[in-house]
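Undergrad: Dropping in work_30.csv, which is CSV, C-alpha atoms and all ligand atoms:
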```
chain,number,residue,atom,x,y,z
A,1470,MET,CA,38.7,-109.7,-212.2
A,1471,LYS,CA,39.4,-112.0,-215.2
A,1472,ILE,CA,41.3,-110.6,-218.1
A,1473,ALA,CA,41.9,-112.3,-221.4
A,1474,VAL,CA,44.6,-111.0,-223.7
A,1475,ALA,CA,44.3,-111.7,-227.4
A,1476,GLY,CA,45.5,-110.4,-230.8
A,1477,LYS,CA,47.7,-111.2,-233.8
A,1478,GLY,CA,51.0,-113.0,-233.2
A,1479,GLY,CA,53.9,-110.7,-232.2
A,1480,VAL,CA,51.9,-107.7,-231.1
A,1481,GLY,CA,52.9,-108.0,-227.5
A,1482,LYS,CA,50.2,-110.1,-225.8
A,1483,THR,CA,52.7,-112.0,-223.7
A,1484,THR,CA,54.7,-108.9,-222.7
A,1485,ILE,CA,51.5,-107.1,-221.6
A,1486,SER,CA,50.0,-110.2,-219.8
A,1487,GLY,CA,53.2,-110.7,-217.8
A,1488,VAL,CA,53.7,-107.1,-216.7
A,1489,LEU,CA,49.9,-106.6,-216.1
A,1490,ALA,CA,49.9,-109.7,-213.9
A,1491,ARG,CA,52.8,-108.4,-211.9
A,1492,SER,CA,51.4,-105.0,-211.6
A,1493,MET,CA,48.1,-106.3,-210.3
A,1494,ALA,CA,49.8,-108.5,-207.8
A,1495,ARG,CA,51.8,-105.5,-206.6
A,1496,ARG,CA,48.4,-103.7,-206.0
A,1497,GLY,CA,47.5,-106.5,-203.6
A,1498,SER,CA,45.6,-109.0,-205.8
A,1499,LYS,CA,46.1,-112.7,-205.7
A,1500,VAL,CA,47.0,-113.3,-209.4
A,1501,LEU,CA,46.9,-116.4,-211.5
A,1502,ALA,CA,48.6,-116.0,-214.8
A,1503,ILE,CA,47.6,-118.6,-217.4
A,1504,ASP,CA,49.8,-119.4,-220.3
A,1505,ALA,CA,47.6,-120.8,-223.1
A,1506,ASP,CA,49.9,-119.9,-225.9
A,1507,PRO,CA,51.7,-122.7,-227.7
A,1508,ALA,CA,54.9,-120.6,-227.5
A,1509,MET,CA,54.7,-120.9,-223.7
A,1510,ASN,CA,56.9,-118.0,-222.9
A,1511,LEU,CA,54.8,-116.1,-220.3
A,1512,TRP,CA,57.2,-117.1,-217.6
A,1513,LEU,CA,59.8,-114.7,-219.1
A,1514,SER,CA,57.5,-111.7,-219.1
A,1515,LEU,CA,56.4,-112.6,-215.6
A,1516,GLY,CA,59.9,-112.8,-214.3
A,1517,VAL,CA,59.7,-116.4,-213.2
A,1518,PRO,CA,63.3,-117.8,-213.2
A,1519,LYS,CA,63.9,-120.4,-215.9
A,1520,SER,CA,65.1,-122.8,-213.2
A,1521,ALA,CA,61.6,-122.9,-211.7
A,1522,LEU,CA,60.4,-124.4,-215.0
A,1523,THR,CA,62.6,-127.4,-215.2
A,1524,GLY,CA,60.6,-130.6,-215.1
A,1525,ILE,CA,57.3,-128.7,-215.7
A,1526,THR,CA,55.0,-130.3,-218.3
A,1527,PRO,CA,52.2,-128.2,-219.7
A,1528,LEU,CA,48.9,-129.6,-218.5
A,1529,SER,CA,47.8,-130.4,-222.1
A,1530,GLU,CA,50.7,-132.8,-222.4
A,1531,ASN,CA,50.5,-134.4,-219.0
A,1532,ASP,CA,49.0,-137.7,-220.2
A,1533,ASP,CA,49.1,-139.3,-216.8
A,1534,LEU,CA,47.1,-136.5,-215.2
A,1535,ILE,CA,44.6,-136.4,-218.1
A,1536,GLU,CA,44.1,-140.1,-217.8
A,1537,GLU,CA,43.7,-139.9,-214.0
A,1538,ARG,CA,41.1,-137.2,-214.2
A,1539,THR,CA,39.1,-137.9,-217.4
A,1540,GLY,CA,39.4,-141.7,-217.4
A,1541,ALA,CA,41.0,-141.9,-220.9
A,1542,ARG,CA,44.5,-141.8,-222.1
A,1543,PRO,CA,45.3,-139.2,-224.8
A,1544,GLY,CA,45.6,-140.9,-228.1
A,1545,SER,CA,43.6,-143.9,-227.1
A,1546,VAL,CA,40.9,-144.5,-229.7
A,1547,GLY,CA,37.2,-144.7,-228.9
A,1548,GLY,CA,37.5,-144.4,-225.2
A,1549,VAL,CA,34.8,-142.9,-223.0
A,1550,PHE,CA,36.0,-140.0,-221.0
A,1551,SER,CA,34.6,-137.6,-218.4
A,1552,LEU,CA,33.6,-134.1,-219.6
A,1553,THR,CA,33.4,-133.0,-216.0
A,1554,PRO,CA,36.8,-134.1,-214.5
A,1555,ARG,CA,37.8,-132.9,-211.0
A,1556,VAL,CA,40.0,-129.8,-211.5
A,1557,SER,CA,39.7,-127.7,-208.4
A,1558,ASP,CA,43.1,-128.7,-207.0
A,1559,LEU,CA,45.1,-128.2,-210.2
A,1560,ALA,CA,46.0,-124.5,-210.0
A,1561,ASP,CA,47.5,-125.1,-206.5
A,1562,LYS,CA,49.1,-128.4,-207.5
A,1563,TYR,CA,50.7,-127.4,-210.8
A,1564,GLY,CA,51.0,-123.6,-210.4
A,1565,ILE,CA,54.5,-122.2,-210.3
A,1566,ARG,CA,55.1,-119.5,-207.7
A,1567,GLY,CA,56.6,-116.3,-209.2
A,1568,PRO,CA,57.7,-112.9,-208.0
A,1569,ASP,CA,55.1,-110.7,-206.2
A,1570,GLY,CA,53.2,-113.9,-205.4
A,1571,VAL,CA,51.9,-114.4,-208.9
A,1572,THR,CA,51.1,-118.0,-209.8
A,1573,LEU,CA,51.9,-119.2,-213.3
A,1574,LEU,CA,49.9,-122.1,-214.8
A,1575,VAL,CA,51.2,-123.5,-218.0
A,1576,LEU,CA,48.3,-125.0,-220.0
A,1577,GLY,CA,49.8,-125.5,-223.3
A,1578,THR,CA,47.7,-125.5,-226.4
A,1579,VAL,CA,43.9,-125.7,-226.2
A,1580,LYS,CA,43.1,-127.1,-229.6
A,1581,SER,CA,40.3,-125.5,-231.5
A,1582,ALA,CA,36.9,-127.1,-231.3
A,1583,GLY,CA,36.7,-126.4,-235.0
A,1584,GLY,CA,39.6,-128.8,-235.4
A,1585,GLY,CA,37.3,-131.5,-234.4
A,1586,CYS,CA,39.1,-132.5,-231.3
A,1587,MET,CA,36.9,-133.1,-228.3
A,1588,CYS,CA,39.5,-135.2,-226.7
A,1589,PRO,CA,40.4,-136.0,-223.1
A,1590,ALA,CA,43.1,-133.2,-223.0
A,1591,ASN,CA,40.6,-130.6,-224.2
A,1592,ALA,CA,38.0,-131.8,-221.8
A,1593,LEU,CA,40.4,-131.3,-218.9
A,1594,LEU,CA,41.6,-127.9,-220.0
A,1595,LYS,CA,38.1,-126.7,-220.7
A,1596,ALA,CA,36.9,-127.8,-217.3
A,1597,LEU,CA,39.9,-126.2,-215.7
A,1598,LEU,CA,39.4,-122.9,-217.4
A,1599,ARG,CA,35.8,-122.9,-216.5
A,1600,HIS,CA,36.7,-123.5,-212.9
A,1601,LEU,CA,39.4,-120.8,-212.9
A,1602,LEU,CA,37.2,-118.2,-214.6
A,1603,LEU,CA,33.9,-118.9,-213.0
A,1604,ASP,CA,34.5,-120.4,-209.5
A,1605,ARG,CA,37.7,-118.8,-208.2
A,1606,GLU,CA,38.2,-115.4,-206.6
A,1607,ASP,CA,41.7,-114.8,-207.9
A,1608,VAL,CA,42.5,-112.2,-210.5
A,1609,VAL,CA,43.2,-114.2,-213.7
A,1610,VAL,CA,45.3,-113.0,-216.6
A,1611,LEU,CA,44.9,-115.3,-219.6
A,1612,ASP,CA,47.6,-115.1,-222.3
A,1613,MET,CA,46.2,-116.7,-225.5
A,1614,GLU,CA,47.3,-117.5,-228.9
A,1615,ALA,CA,44.3,-116.3,-230.9
A,1616,GLY,CA,40.7,-115.7,-229.9
A,1617,LEU,CA,38.4,-117.2,-227.3
A,1618,GLU,CA,36.2,-119.2,-229.7
A,1619,HIS,CA,37.4,-122.6,-228.6
A,1620,LEU,CA,36.5,-122.0,-225.0
A,1621,GLY,CA,32.8,-121.9,-225.6
A,1622,ARG,CA,30.1,-119.7,-224.4
A,1623,GLY,CA,29.8,-120.9,-220.8
A,1624,VAL,CA,33.5,-120.4,-220.1
A,1625,VAL,CA,33.8,-117.1,-221.9
A,1626,LYS,CA,31.1,-115.6,-219.7
A,1627,GLY,CA,33.6,-115.6,-216.9
A,1628,VAL,CA,35.9,-113.1,-218.7
A,1629,ASP,CA,35.3,-109.6,-217.4
A,1630,ALA,CA,37.4,-107.9,-220.1
A,1631,LEU,CA,39.1,-108.9,-223.2
A,1632,LEU,CA,42.1,-106.9,-224.3
A,1633,ALA,CA,42.7,-107.0,-228.1
A,1634,VAL,CA,46.3,-105.9,-228.5
A,1635,VAL,CA,47.3,-104.2,-231.7
A,1636,GLU,CA,50.5,-102.6,-233.1
A,1637,PRO,CA,50.5,-99.9,-235.7
A,1638,SER,CA,49.7,-102.2,-238.6
A,1639,PHE,CA,46.6,-102.6,-240.6
A,1640,ARG,CA,46.6,-106.4,-240.2
A,1641,SER,CA,46.8,-106.4,-236.4
A,1642,ILE,CA,43.9,-104.1,-236.2
A,1643,GLU,CA,41.9,-106.3,-238.6
A,1644,THR,CA,42.6,-109.2,-236.3
A,1645,ALA,CA,41.5,-107.2,-233.3
A,1646,TYR,CA,38.2,-106.4,-235.1
A,1647,ARG,CA,37.7,-110.1,-235.8
A,1648,VAL,CA,38.5,-111.0,-232.2
A,1649,LYS,CA,36.0,-108.4,-231.1
A,1650,LYS,CA,33.2,-109.7,-233.3
A,1651,LEU,CA,33.7,-113.3,-232.0
A,1652,ALA,CA,34.1,-112.3,-228.4
A,1653,GLN,CA,30.9,-110.2,-228.7
A,1654,ASP,CA,29.0,-113.1,-230.1
A,1655,LEU,CA,30.2,-115.2,-227.2
A,1656,GLY,CA,28.9,-112.6,-224.8
A,1657,VAL,CA,32.2,-111.0,-223.5
A,1658,LYS,CA,31.1,-108.0,-221.5
A,1659,ARG,CA,33.9,-105.6,-222.2
A,1660,ILE,CA,36.3,-105.6,-225.2
A,1661,TYR,CA,39.1,-103.1,-225.4
A,1662,VAL,CA,41.9,-102.4,-227.8
A,1663,VAL,CA,45.4,-101.8,-226.4
A,1664,GLY,CA,47.8,-100.2,-228.9
A,1665,ASN,CA,51.4,-101.4,-228.4
A,1666,LYS,CA,54.7,-100.5,-230.0
A,1667,ILE,CA,53.6,-97.0,-230.7
A,1668,GLY,CA,56.8,-95.3,-231.8
A,1669,ARG,CA,55.7,-92.1,-233.4
A,1670,SER,CA,52.8,-89.7,-233.1
A,1671,ASP,CA,51.6,-90.6,-236.6
A,1672,GLU,CA,51.5,-94.3,-235.5
A,1673,ALA,CA,49.3,-93.3,-232.5
A,1674,LEU,CA,47.1,-91.3,-234.9
A,1675,PHE,CA,46.9,-94.3,-237.3
A,1676,VAL,CA,45.8,-96.7,-234.5
A,1677,LYS,CA,43.3,-94.2,-233.2
A,1678,GLY,CA,41.8,-93.6,-236.6
A,1679,GLU,CA,41.5,-97.2,-237.5
A,1680,VAL,CA,40.1,-98.2,-234.1
A,1681,GLU,CA,37.5,-95.4,-234.4
A,1682,ARG,CA,36.6,-96.4,-238.0
A,1683,LEU,CA,35.9,-99.9,-236.9
A,1684,GLY,CA,33.9,-98.9,-233.8
A,1685,LEU,CA,36.4,-100.3,-231.4
A,1686,ASP,CA,37.3,-99.0,-228.0
A,1687,LEU,CA,40.9,-97.9,-227.3
A,1688,LEU,CA,41.8,-98.3,-223.7
A,1689,ALA,CA,45.5,-97.4,-223.7
A,1690,ASN,CA,48.7,-97.0,-225.8
A,1691,ILE,CA,52.0,-98.5,-224.9
A,1692,PRO,CA,55.0,-97.0,-226.5
A,1693,LEU,CA,57.7,-98.8,-228.6
A,1694,ASP,CA,60.4,-99.2,-226.0
A,1695,ARG,CA,63.8,-100.8,-226.5
A,1696,SER,CA,63.9,-101.9,-222.9
A,1697,VAL,CA,61.2,-104.6,-223.6
A,1698,PRO,CA,63.4,-106.7,-226.0
A,1699,ASP,CA,66.4,-105.8,-223.8
A,1700,ALA,CA,64.7,-107.3,-220.8
A,1701,GLU,CA,64.1,-110.4,-222.8
A,1702,MET,CA,67.7,-110.7,-223.7
A,1703,ALA,CA,68.6,-110.3,-220.1
A,1704,GLY,CA,66.2,-113.1,-219.2
A,1705,LEU,CA,64.1,-110.7,-217.0
A,1706,SER,CA,60.6,-109.3,-216.9
A,1707,PRO,CA,60.5,-105.6,-218.1
A,1708,ILE,CA,59.0,-104.8,-214.7
A,1709,ASP,CA,62.3,-106.0,-213.0
A,1710,TYR,CA,64.7,-104.9,-215.8
A,1711,ALA,CA,63.4,-101.4,-216.4
A,1712,PRO,CA,60.7,-100.6,-213.8
A,1713,ASP,CA,60.7,-96.9,-214.8
A,1714,SER,CA,60.6,-97.4,-218.6
A,1715,LEU,CA,57.9,-95.9,-220.6
A,1716,ALA,CA,56.4,-99.3,-221.6
A,1717,VAL,CA,56.2,-100.5,-218.0
A,1718,ARG,CA,54.7,-97.3,-216.8
A,1719,ALA,CA,52.1,-97.5,-219.6
A,1720,ILE,CA,51.2,-101.0,-218.6
A,1721,GLU,CA,50.9,-100.0,-215.0
A,1722,ASP,CA,48.6,-97.2,-216.1
A,1723,LEU,CA,46.6,-99.8,-218.1
A,1724,THR,CA,46.2,-101.8,-214.9
A,1725,HIS,CA,44.7,-98.8,-213.3
A,1726,ARG,CA,42.3,-98.1,-216.2
A,1727,LEU,CA,41.2,-101.7,-216.3
A,1728,LYS,CA,40.4,-101.7,-212.6
A,1729,THR,CA,38.3,-98.5,-213.1
A,1730,ALA,CA,36.6,-99.9,-216.2
A,1731,VAL,CA,35.7,-103.3,-214.7
A,1732,SER,CA,34.6,-102.2,-211.3
B,1,LIG,N1,56.2,-102.0,-226.3
B,1,LIG,C1,57.2,-102.7,-226.9
B,1,LIG,N2,58.3,-102.1,-227.4
B,1,LIG,C2,59.2,-102.8,-228.1
B,1,LIG,N3,59.2,-104.1,-228.3
B,1,LIG,C3,58.1,-104.8,-227.8
B,1,LIG,C4,57.1,-104.1,-227.1
B,1,LIG,N4,56.1,-105.0,-226.8
B,1,LIG,C5,56.6,-106.2,-227.3
B,1,LIG,N5,57.8,-106.1,-227.9
B,1,LIG,C6,58.6,-107.1,-228.6
B,1,LIG,O1,57.8,-107.7,-229.5
B,1,LIG,C7,58.0,-109.1,-229.6
B,1,LIG,C8,56.7,-109.9,-229.4
B,1,LIG,O2,56.2,-109.7,-228.2
B,1,LIG,P1,55.3,-110.8,-227.4
B,1,LIG,O3,54.8,-110.2,-226.1
B,1,LIG,O4,56.0,-112.1,-227.4
B,1,LIG,O5,54.1,-110.9,-228.5
B,1,LIG,P2,52.9,-111.9,-228.6
B,1,LIG,O6,52.8,-112.6,-227.3
B,1,LIG,O7,51.7,-111.2,-229.0
B,1,LIG,O8,53.3,-112.9,-229.7
B,1,LIG,C9,59.0,-109.5,-228.5
B,1,LIG,O9,60.3,-109.6,-229.1
B,1,LIG,C10,58.9,-108.2,-227.6
B,1,LIG,O10,60.2,-108.0,-227.0
B,2,MG,MG,52.8,-114.7,-226.9
```
Output the structure of this file as structure tokens.
TA:
Amino acid sequence: MKIAVAGKGGVGKTTISGVLARSMARRGSKVLAIDADPAMNLWLSLGVPKSALTGITPLSENDDLIEERTGARPGSVGGVFSLTPRVSDLADKYGIRGPDGVTLLVLGTVKSAGGGCMCPANALLKALLRHLLLDREDVVVLDMEAGLEHLGRGVVKGVDALLAVVEPSFRSIETAYRVKKLAQDLGVKRIYVVGNKIGRSDEALFVKGEVERLGLDLLANIPLDRSVPDAEMAGLSPIDYAPDSLAVRAIEDLTHRLKTAVS
């Protein structure tokens, strides 16, 4: 099962990705959590200790590796580079082992194709994502900055479900709608909205109403829960800091619903 998590900044994508990955690993899956957000803070929601990250370079900034695999050094002008670099060993080589056996892979930013950059770094990341989404058995949870557009059709086909996370705000729901349209055009099979930071019943009603109005599909609601930012301040994943909290329980329930929806 390959799950991509998208949505407006700050809605809770990273929190949900981290706890979802842990919860799937606890249910016995071999999980690969991919951080493709420029903020690169998935480690915290996964509960990977900060010390495990020292000396880790995101793959998009690993110029030596990019040159070794594509044949061109990032920043070099006019060079010819391979669009099909060898990538099958990278998850094992650069993945960081986290709690419950989750592997964290820090990609760094995949620049938008619209930004005009088909550069060696992007060639490597694209090839890697294609391999991870299409060729590997592992469960993949992909934490992303925005949408899936830059990945291209062939890669996106490997995504079993896209979660568009929203909070009770009009703008986050508009973003989810845009994400859905783009993902649909790219051929993503299942696209679900996940409501997060739902504090009051009128907020739940607002999200439900807007989601229905836009023809979206609401899979789950996760409550506004103080233990989520508290876990961050303690440097822990919510699943370790407050395993019985309402937010963690709701994400565990989401894991269950996803499995049912995708199988
Ligand atoms: N259910 C929740 N209840 C309370 N705060 C939350 C919840 N989910 C996320 N947050 C807080 O919202 C902020 C943004 O969350 P984050 O997961 O980093 O969002 P994103 O990855 O979408 O930018 C963080 O400070 C996090 O602690
Ligand atoms: Mg994030």
Undergrad: Rounded to one decimal place, report the CA of Ser1492 (chain A)-CA of Val1571 (chain A) distance in Å.
TA: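 Interatomic distance here is 9.8 Å.
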Undergrad: Work out how far CA of Asp1506 (chain A) is from CA of Glu1536 (chain A), in Å to one decimal.
TA: 22.5 Å
Undergrad: Would you write out, as JSON lines, a table of all residues in chain A that have an atom no more than 7 Å from an atom of ligand LIG 1 (chain B), listing for each the closest atom pair and the distance in Å to one decimal, considering all atoms listed in the file and ordering rows by chain and rising residue number?
TA:
```
{"residue": "A:Gly1476", "atom": "CA", "partner": "B:LIG1", "partner_atom": "O7", "distance": 6.5}
{"residue": "A:Lys1477", "atom": "CA", "partner": "B:LIG1", "partner_atom": "O7", "distance": 6.2}
{"residue": "A:Gly1478", "atom": "CA", "partner": "B:LIG1", "partner_atom": "O8", "distance": 4.2}
{"residue": "A:Gly1479", "atom": "CA", "partner": "B:LIG1", "partner_atom": "O8", "distance": 3.4}
{"residue": "A:Val1480", "atom": "CA", "partner": "B:LIG1", "partner_atom": "O7", "distance": 4.1}
{"residue": "A:Gly1481", "atom": "CA", "partner": "B:LIG1", "partner_atom": "O3", "distance": 3.2}
{"residue": "A:Lys1482", "atom": "CA", "partner": "B:LIG1", "partner_atom": "O7", "distance": 3.7}
{"residue": "A:Thr1483", "atom": "CA", "partner": "B:LIG1", "partner_atom": "O6", "distance": 3.7}
{"residue": "A:Thr1484", "atom": "CA", "partner": "B:LIG1", "partner_atom": "O3", "distance": 3.6}
{"residue": "A:Ile1485", "atom": "CA", "partner": "B:LIG1", "partner_atom": "O3", "distance": 6.4}
{"residue": "A:Asn1665", "atom": "CA", "partner": "B:LIG1", "partner_atom": "N1", "distance": 5.3}
{"residue": "A:Lys1666", "atom": "CA", "partner": "B:LIG1", "partner_atom": "N1", "distance": 4.3}
{"residue": "A:Ile1691", "atom": "CA", "partner": "B:LIG1", "partner_atom": "N1", "distance": 5.6}
{"residue": "A:Pro1692", "atom": "CA", "partner": "B:LIG1", "partner_atom": "N1", "distance": 5.1}
{"residue": "A:Leu1693", "atom": "CA", "partner": "B:LIG1", "partner_atom": "N2", "distance": 3.6}
{"residue": "A:Asp1694", "atom": "CA", "partner": "B:LIG1", "partner_atom": "N2", "distance": 3.8}
{"residue": "A:Arg1695", "atom": "CA", "partner": "B:LIG1", "partner_atom": "C2", "distance": 5.3}
{"residue": "A:Val1697", "atom": "CA", "partner": "B:LIG1", "partner_atom": "O10", "distance": 4.9}
{"residue": "A:Pro1698", "atom": "CA", "partner": "B:LIG1", "partner_atom": "O10", "distance": 3.6}
{"residue": "A:Glu1701", "atom": "CA", "partner": "B:LIG1", "partner_atom": "O10", "distance": 6.2}
{"residue": "A:Ala1716", "atom": "CA", "partner": "B:LIG1", "partner_atom": "N1", "distance": 5.4}
```
Undergrad: Tell me, as a list in words, which residues lie within 9 Å of Gly1544 (chain A), counting all atoms listed in the file; anything in the same chain fewer than 3 positions away does not count.
TA: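 Surrounding residues, per the criterion: Ala1541, Cys1588 and Pro1589 of chain A.
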Undergrad: Write a file of the selected residues as a compact mmCIF listing (two decimals), in the coordinates of the input, keeping C-alpha atoms.
TA:
```
# COMPACT_ATOMS: atom_id res chain seq x y z
CA ALA A 1541 41.00 -141.90 -220.90
CA CYS A 1588 39.50 -135.20 -226.70
CA PRO A 1589 40.40 -136.00 -223.10
```
Undergrad: Check the smallest atom-to-atom distance from each of A:Gly1664, A:Gly1627, A:Pro1568, A:Pro1507 to Ala1719 (chain A) using only C-alpha atoms, then report the winner.
TA: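 For Ala1719 (chain A), the nearest of the given residues is A:Gly1664.
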